[in-house]
>>> print(open('model26.cif').read())   # mmCIF, C-alpha atoms and all ligand atoms
data_protein
loop_
_atom_site.label_atom_id
_atom_site.label_comp_id
_atom_site.auth_asym_id
_atom_site.auth_seq_id
_atom_site.Cartn_x
_atom_site.Cartn_y
_atom_site.Cartn_z
CA MET A 1 218.87 -102.21 41.55
CA ILE A 2 217.84 -105.51 40.03
CA CYS A 3 214.50 -106.36 38.43
CA HIS A 4 213.34 -108.48 41.36
CA ASN A 5 213.69 -105.54 43.74
CA PHE A 6 211.96 -103.33 41.23
CA LYS A 7 208.85 -105.52 41.31
CA SER A 8 208.48 -105.17 45.07
CA ALA A 9 208.94 -101.39 44.82
CA LEU A 10 206.44 -101.11 41.96
CA PRO A 11 203.28 -100.51 44.04
CA GLU A 12 204.86 -97.61 45.86
CA LEU A 13 206.11 -96.13 42.62
CA LEU A 14 202.61 -96.34 41.13
CA LEU A 15 201.01 -94.66 44.14
CA ASP A 16 203.56 -91.88 44.46
CA PRO A 17 205.91 -91.65 41.47
CA ALA A 18 207.53 -88.41 42.63
CA ALA A 19 208.52 -89.58 46.12
CA SER A 20 212.20 -89.23 47.01
CA THR A 21 212.33 -92.84 48.24
CA ASN A 22 211.60 -93.94 44.69
CA ALA A 23 214.72 -92.34 43.19
CA ALA A 24 216.57 -95.64 42.75
CA VAL A 25 213.48 -97.21 41.21
CA ARG A 26 213.15 -94.38 38.69
CA GLU A 27 216.82 -94.79 37.79
CA HIS A 28 216.22 -98.49 37.12
CA LEU A 29 213.27 -97.63 34.87
CA LYS A 30 215.56 -95.59 32.61
CA SER A 31 218.03 -98.43 32.14
CA CYS A 32 215.65 -101.43 31.97
CA PRO A 33 213.15 -101.52 29.09
CA ALA A 34 211.33 -104.60 30.45
CA CYS A 35 210.58 -103.01 33.82
CA ASN A 36 209.71 -99.73 32.14
CA GLU A 37 207.19 -101.47 29.95
CA GLU A 38 205.58 -103.18 32.94
CA PHE A 39 205.37 -99.88 34.80
CA GLN A 40 203.80 -98.13 31.81
CA SER A 41 201.17 -100.84 31.33
CA LEU A 42 200.24 -100.86 35.01
CA GLN A 43 199.98 -97.09 34.98
CA ALA A 44 197.69 -97.24 31.96
CA THR A 45 195.49 -99.82 33.72
CA LEU A 46 195.21 -97.66 36.82
CA ALA A 47 194.37 -94.61 34.71
CA LEU A 48 191.65 -96.60 32.99
CA LEU A 49 190.22 -97.71 36.33
CA ASP A 50 190.22 -94.10 37.52
CA SER A 51 188.08 -93.09 34.57
CA TRP A 52 185.56 -95.87 35.18
CA GLU A 53 182.29 -94.78 36.72
CA ALA A 54 179.93 -97.07 38.58
CA PRO A 55 176.52 -97.31 36.89
CA GLU A 56 173.63 -95.56 38.57
CA PRO A 57 171.17 -97.84 40.38
CA SER A 58 167.71 -98.21 38.92
CA PRO A 59 165.45 -95.26 39.84
CA TYR A 60 163.01 -97.63 41.59
CA PHE A 61 165.67 -99.33 43.69
CA ASP A 62 164.66 -97.68 46.96
CA GLN A 63 160.94 -98.36 46.47
CA LYS A 64 161.57 -101.99 45.56
CA LEU A 65 163.81 -102.45 48.56
CA ALA A 66 161.21 -100.92 50.87
CA VAL A 67 158.52 -103.27 49.49
CA ARG A 68 160.76 -106.29 49.95
CA LEU A 69 161.56 -105.22 53.50
CA ARG A 70 157.88 -104.85 54.35
CA GLU A 71 157.16 -108.29 52.88
CA GLU A 72 159.92 -109.87 54.95
CA GLN A 73 158.72 -108.10 58.08
CA ALA A 74 155.17 -109.38 57.53
CA LEU A 75 156.39 -113.00 57.36
CA PRO A 76 156.48 -115.07 60.55
CA PRO A 77 159.97 -115.08 62.05
CA ALA A 78 162.11 -118.06 61.13
CA GLY A 79 163.62 -120.27 63.80
CA TRP A 80 167.30 -119.85 64.55
CA PHE A 81 168.16 -123.11 62.80
CA GLU A 82 166.55 -121.96 59.55
CA ARG A 83 168.19 -118.56 59.75
CA LEU A 84 171.55 -120.23 60.23
CA ARG A 85 170.89 -122.58 57.34
CA THR A 86 169.97 -119.67 55.09
CA ARG A 87 173.14 -117.88 56.04
CA LEU A 88 175.28 -120.91 55.30
CA LEU A 89 173.51 -121.55 51.99
CA PHE A 90 173.44 -118.04 50.60
CA ASN A 91 176.51 -116.42 52.00
CA THR A 92 178.95 -116.04 49.12
CA ASP A 93 181.98 -115.39 51.27
CA ARG A 94 183.77 -118.75 51.43
CA GLN A 95 185.85 -117.75 54.41
CA PHE A 96 182.64 -117.18 56.35
CA ARG A 97 181.81 -120.90 56.53
CA PRO A 98 184.68 -122.17 58.67
CA VAL A 99 184.20 -119.17 60.94
CA VAL A 100 180.54 -120.04 61.44
CA ALA A 101 181.36 -123.73 61.93
CA GLY A 102 183.95 -122.89 64.55
CA ALA A 103 181.69 -120.42 66.30
CA LEU A 104 178.85 -122.94 66.30
CA ALA A 105 181.03 -125.65 67.81
CA LEU A 106 182.15 -123.24 70.49
CA ILE A 107 178.60 -122.13 71.26
CA PHE A 108 177.39 -125.72 71.56
CA LEU A 109 180.31 -126.58 73.79
CA ILE A 110 179.69 -123.65 76.09
CA ALA A 111 175.92 -123.57 76.07
CA GLY A 112 175.50 -127.32 76.05
CA GLY A 113 172.74 -127.18 73.48
CA THR A 114 170.71 -124.45 75.16
CA PHE A 115 168.98 -121.91 72.99
CA ALA A 116 171.48 -119.89 70.99
CA ASP A 117 170.43 -116.73 69.21
CA LEU A 118 172.96 -116.36 66.43
CA SER A 119 171.44 -113.49 64.51
CA GLY A 120 171.75 -110.73 67.05
CA PHE A 121 168.43 -109.34 65.86
CA PRO A 122 165.56 -109.01 68.30
CA HIS A 123 162.70 -111.37 67.55
CA PRO A 124 159.59 -112.67 69.33
CA ALA A 125 160.37 -115.19 72.05
CA LYS A 126 158.07 -117.78 70.52
CA ALA A 127 159.55 -118.69 67.15
CA PRO A 128 157.63 -121.52 65.51
CA VAL A 129 159.63 -124.74 65.45
CA SER A 130 160.71 -125.41 61.89
CA ALA A 131 160.03 -128.64 60.07
CA THR A 132 163.76 -129.27 59.83
CA VAL A 133 164.19 -129.21 63.59
CA ASN A 134 161.20 -131.55 64.00
CA ASP A 135 162.69 -134.01 61.52
CA LEU A 136 166.05 -133.96 63.24
CA GLN A 137 164.43 -134.60 66.61
CA THR A 138 162.44 -137.52 65.19
CA LEU A 139 165.57 -138.98 63.64
CA ASP A 140 167.38 -138.63 66.93
CA LYS A 141 164.58 -140.43 68.77
CA ASN A 142 164.56 -143.22 66.19
CA ASP A 143 168.29 -143.58 66.51
CA GLN A 144 168.03 -143.88 70.27
CA ALA A 145 165.29 -146.51 69.95
CA LEU A 146 167.40 -148.53 67.51
CA GLN A 147 170.39 -148.37 69.83
CA THR A 148 168.28 -149.61 72.75
CA MET A 149 166.89 -152.44 70.62
CA SER A 150 170.33 -153.58 69.48
CA MET A 151 171.56 -153.49 73.08
CA LEU A 152 168.65 -155.63 74.18
CA LEU A 153 169.31 -158.07 71.34
CA GLN A 154 172.94 -158.30 72.32
CA ASP A 155 171.92 -159.02 75.90
CA ASP A 156 169.80 -161.88 74.59
CA GLY A 157 172.89 -163.30 72.92
CA SER A 158 175.88 -165.09 74.42
CA PRO A 159 175.32 -164.76 78.21
CA ASN A 160 171.92 -166.44 78.04
CA ASP A 161 173.01 -169.36 75.86
CA ASP A 162 173.17 -171.62 78.89
CA PHE A 163 169.52 -171.06 79.65
CA ALA A 164 168.50 -171.65 76.03
CA ALA A 165 170.35 -174.97 75.78
CA PRO A 166 168.29 -178.04 76.54
CA PRO A 167 168.97 -179.54 79.99
CA ARG A 168 171.39 -182.45 79.90
CA SER A 169 170.21 -185.75 81.25
ZN ZN B 1 214.41 -104.27 35.37
#
>>> encode(input="model26.cif", output="structure tokens")
Amino acid sequence: MICHNFKSALPELLLDPAASTNAAVREHLKSCPACNEEFQSLQATLALLDSWEAPEPSPYFDQKLAVRLREEQALPPAGWFERLRTRLLFNTDRQFRPVVAGALALIFLIAGGTFADLSGFPHPAKAPVSATVNDLQTLDKNDQALQTMSMLLQDDGSPNDDFAAPPRS
């Protein structure tokens, strides 16, 4: 057995040192000081982790959590856009973001912009429209108005030049 093979067999050896499938690995340990040292240090690390105990939560944890829950329940429900934004902002799992982006794109494609409840939690049918949604709608309207204006201006351009020119005499 060579050292490269030993490294791939190391996890199994650590989990079950006495297993019969590890006989060749144990033989290699006897003849190779470098691998033996690595095995010993990993074993010491695992032993240390086994002895570690998670600290107890604060004695008031449950009460504080219950108070926070009641506060959140008393608040008016947030719109789906705000809930989604909060999720994207405060979710620490980086892999979650592309998943949400992909799911969102799919939902918008399928639903064509109809109401999408992304939380899965029941909530009152009438969620107040958030300020963010209002702003986005206003921006969208402005954008449409600007596009219409620029189209009108373009129409006033080249095709009508003949009418604007003074009549030849
Ligand atoms: Zn070795």
>>> closest_residue(input="model26.cif", among="A:Asn5, A:Ser58, A:Gln73, A:Gln154", to="ligand ZN 1 (chain B)", atoms="only C-alpha atoms and all ligand atoms")
A:Asn5
>>> closest_residue(input="model26.cif", among="A:Asn142, A:Thr86, A:Thr148, A:Ser31", to="ligand ZN 1 (chain B)", atoms="all atoms listed in the file")
A:Ser31
>>> atom_distance(input="model26.cif", atom1="CA of Glu27 (chain A)", atom2="CA of Lys7 (chain A)")
13.8 Å
>>> closest_atom_pairs(input="model26.cif", of="chain A", to="ligand ZN 1 (chain B)", cutoff="7 Å", atoms="only C-alpha atoms and all ligand atoms", output="JSON lines")
{"residue": "A:Ile2", "atom": "CA", "partner": "B:ZN1", "partner_atom": "ZN", "distance": 5.9}
{"residue": "A:Cys3", "atom": "CA", "partner": "B:ZN1", "partner_atom": "ZN", "distance": 3.7}
{"residue": "A:Phe6", "atom": "CA", "partner": "B:ZN1", "partner_atom": "ZN", "distance": 6.4}
{"residue": "A:His28", "atom": "CA", "partner": "B:ZN1", "partner_atom": "ZN", "distance": 6.3}
{"residue": "A:Leu29", "atom": "CA", "partner": "B:ZN1", "partner_atom": "ZN", "distance": 6.8}
{"residue": "A:Cys32", "atom": "CA", "partner": "B:ZN1", "partner_atom": "ZN", "distance": 4.6}
{"residue": "A:Pro33", "atom": "CA", "partner": "B:ZN1", "partner_atom": "ZN", "distance": 7.0}
{"residue": "A:Ala34", "atom": "CA", "partner": "B:ZN1", "partner_atom": "ZN", "distance": 5.8}
{"residue": "A:Cys35", "atom": "CA", "partner": "B:ZN1", "partner_atom": "ZN", "distance": 4.3}
>>> closest_residue(input="model26.cif", among="A:Val99, A:Val25, A:Leu84, A:Leu49", to="His4 (chain A)", atoms="all atoms listed in the file")
A:Val25
>>> closest_residue(input="model26.cif", among="A:Leu65, A:Ala23, A:Ala9, A:Val133", to="Glu82 (chain A)", atoms="all atoms listed in the file")
A:Val133
>>> atom_distance(input="model26.cif", atom1="CA of Glu38 (chain A)", atom2="CA of Leu15 (chain A)")
14.8 Å
>>> atom_distance(input="model26.cif", atom1="CA of Leu153 (chain A)", atom2="CA of Thr138 (chain A)")
22.5 Å
>>> axis_aligned_box(input="model26.cif", around="region 68-74 of chain A", padding_each_side="8 Å", output="lines of an AutoDock Vina configuration file")
center_x = 158.4
center_y = -107.4
center_z = 54.0
size_x = 22.4
size_y = 21.0
size_z = 24.1
>>> residues_around(input="model26.cif", residues="Arg26 (chain A)", least_positions_apart="4", cutoff="12 Å", atoms="only C-alpha atoms", output="list in words")
Met1, Phe6, Ala9, Leu10, Glu12, Leu13, Leu14, Asp16, Pro17, Ala18, Ala19, Ser20, Thr21, Asn22, Lys30, Ser31, Cys32, Pro33, Cys35, Asn36 and Phe39 of chain A
>>> closest_residue(input="model26.cif", among="A:Thr132, A:Asp143, A:Gln40, A:Leu152", to="Trp80 (chain A)", atoms="all atoms listed in the file")
A:Thr132
>>> build_atoms(input="model26.cif", residues="region 51-65 of chain A", atoms="N, CA, C and O atoms", output="JSON list (two decimals), in the coordinates of the input")
[["chain", "number", "residue", "atom", "x", "y", "z"],
["A", 51, "SER", "N", 189.10, -93.72, 35.41],
["A", 51, "SER", "CA", 188.08, -93.09, 34.57],
["A", 51, "SER", "C", 186.77, -93.85, 34.59],
["A", 51, "SER", "O", 185.76, -93.38, 34.09],
["A", 52, "TRP", "N", 186.78, -95.06, 35.18],
["A", 52, "TRP", "CA", 185.56, -95.87, 35.18],
["A", 52, "TRP", "C", 184.57, -95.34, 36.19],
["A", 52, "TRP", "O", 184.94, -95.00, 37.31],
["A", 53, "GLU", "N", 183.32, -95.25, 35.79],
["A", 53, "GLU", "CA", 182.29, -94.78, 36.72],
["A", 53, "GLU", "C", 181.28, -95.89, 36.97],
["A", 53, "GLU", "O", 180.84, -96.55, 36.03],
["A", 54, "ALA", "N", 180.92, -96.05, 38.23],
["A", 54, "ALA", "CA", 179.93, -97.07, 38.58],
["A", 54, "ALA", "C", 178.58, -96.68, 38.01],
["A", 54, "ALA", "O", 178.21, -95.51, 38.04],
["A", 55, "PRO", "N", 177.84, -97.65, 37.44],
["A", 55, "PRO", "CA", 176.52, -97.31, 36.89],
["A", 55, "PRO", "C", 175.55, -96.91, 37.98],
["A", 55, "PRO", "O", 175.63, -97.37, 39.11],
["A", 56, "GLU", "N", 174.64, -96.01, 37.61],
["A", 56, "GLU", "CA", 173.63, -95.56, 38.57],
["A", 56, "GLU", "C", 172.66, -96.70, 38.86],
["A", 56, "GLU", "O", 172.33, -97.47, 37.96],
["A", 57, "PRO", "N", 172.20, -96.83, 40.11],
["A", 57, "PRO", "CA", 171.17, -97.84, 40.38],
["A", 57, "PRO", "C", 169.85, -97.47, 39.72],
["A", 57, "PRO", "O", 169.64, -96.31, 39.36],
["A", 58, "SER", "N", 169.00, -98.47, 39.55],
["A", 58, "SER", "CA", 167.71, -98.21, 38.92],
["A", 58, "SER", "C", 166.94, -97.20, 39.75],
["A", 58, "SER", "O", 167.02, -97.19, 40.98],
["A", 59, "PRO", "N", 166.15, -96.32, 39.09],
["A", 59, "PRO", "CA", 165.45, -95.26, 39.84],
["A", 59, "PRO", "C", 164.45, -95.81, 40.85],
["A", 59, "PRO", "O", 164.08, -95.11, 41.78],
["A", 60, "TYR", "N", 164.01, -97.07, 40.65],
["A", 60, "TYR", "CA", 163.01, -97.63, 41.59],
["A", 60, "TYR", "C", 163.66, -98.50, 42.66],
["A", 60, "TYR", "O", 162.97, -99.23, 43.36],
["A", 61, "PHE", "N", 164.98, -98.43, 42.75],
["A", 61, "PHE", "CA", 165.67, -99.33, 43.69],
["A", 61, "PHE", "C", 165.16, -99.17, 45.11],
["A", 61, "PHE", "O", 164.83, -100.15, 45.79],
["A", 62, "ASP", "N", 165.05, -97.91, 45.56],
["A", 62, "ASP", "CA", 164.66, -97.68, 46.96],
["A", 62, "ASP", "C", 163.25, -98.19, 47.23],
["A", 62, "ASP", "O", 163.00, -98.83, 48.25],
["A", 63, "GLN", "N", 162.32, -97.91, 46.28],
["A", 63, "GLN", "CA", 160.94, -98.36, 46.47],
["A", 63, "GLN", "C", 160.89, -99.88, 46.53],
["A", 63, "GLN", "O", 160.23, -100.46, 47.39],
["A", 64, "LYS", "N", 161.60, -100.53, 45.59],
["A", 64, "LYS", "CA", 161.57, -101.99, 45.56],
["A", 64, "LYS", "C", 162.13, -102.57, 46.86],
["A", 64, "LYS", "O", 161.60, -103.54, 47.41],
["A", 65, "LEU", "N", 163.20, -101.96, 47.31],
["A", 65, "LEU", "CA", 163.81, -102.45, 48.56],
["A", 65, "LEU", "C", 162.85, -102.30, 49.73],
["A", 65, "LEU", "O", 162.70, -103.21, 50.55]]
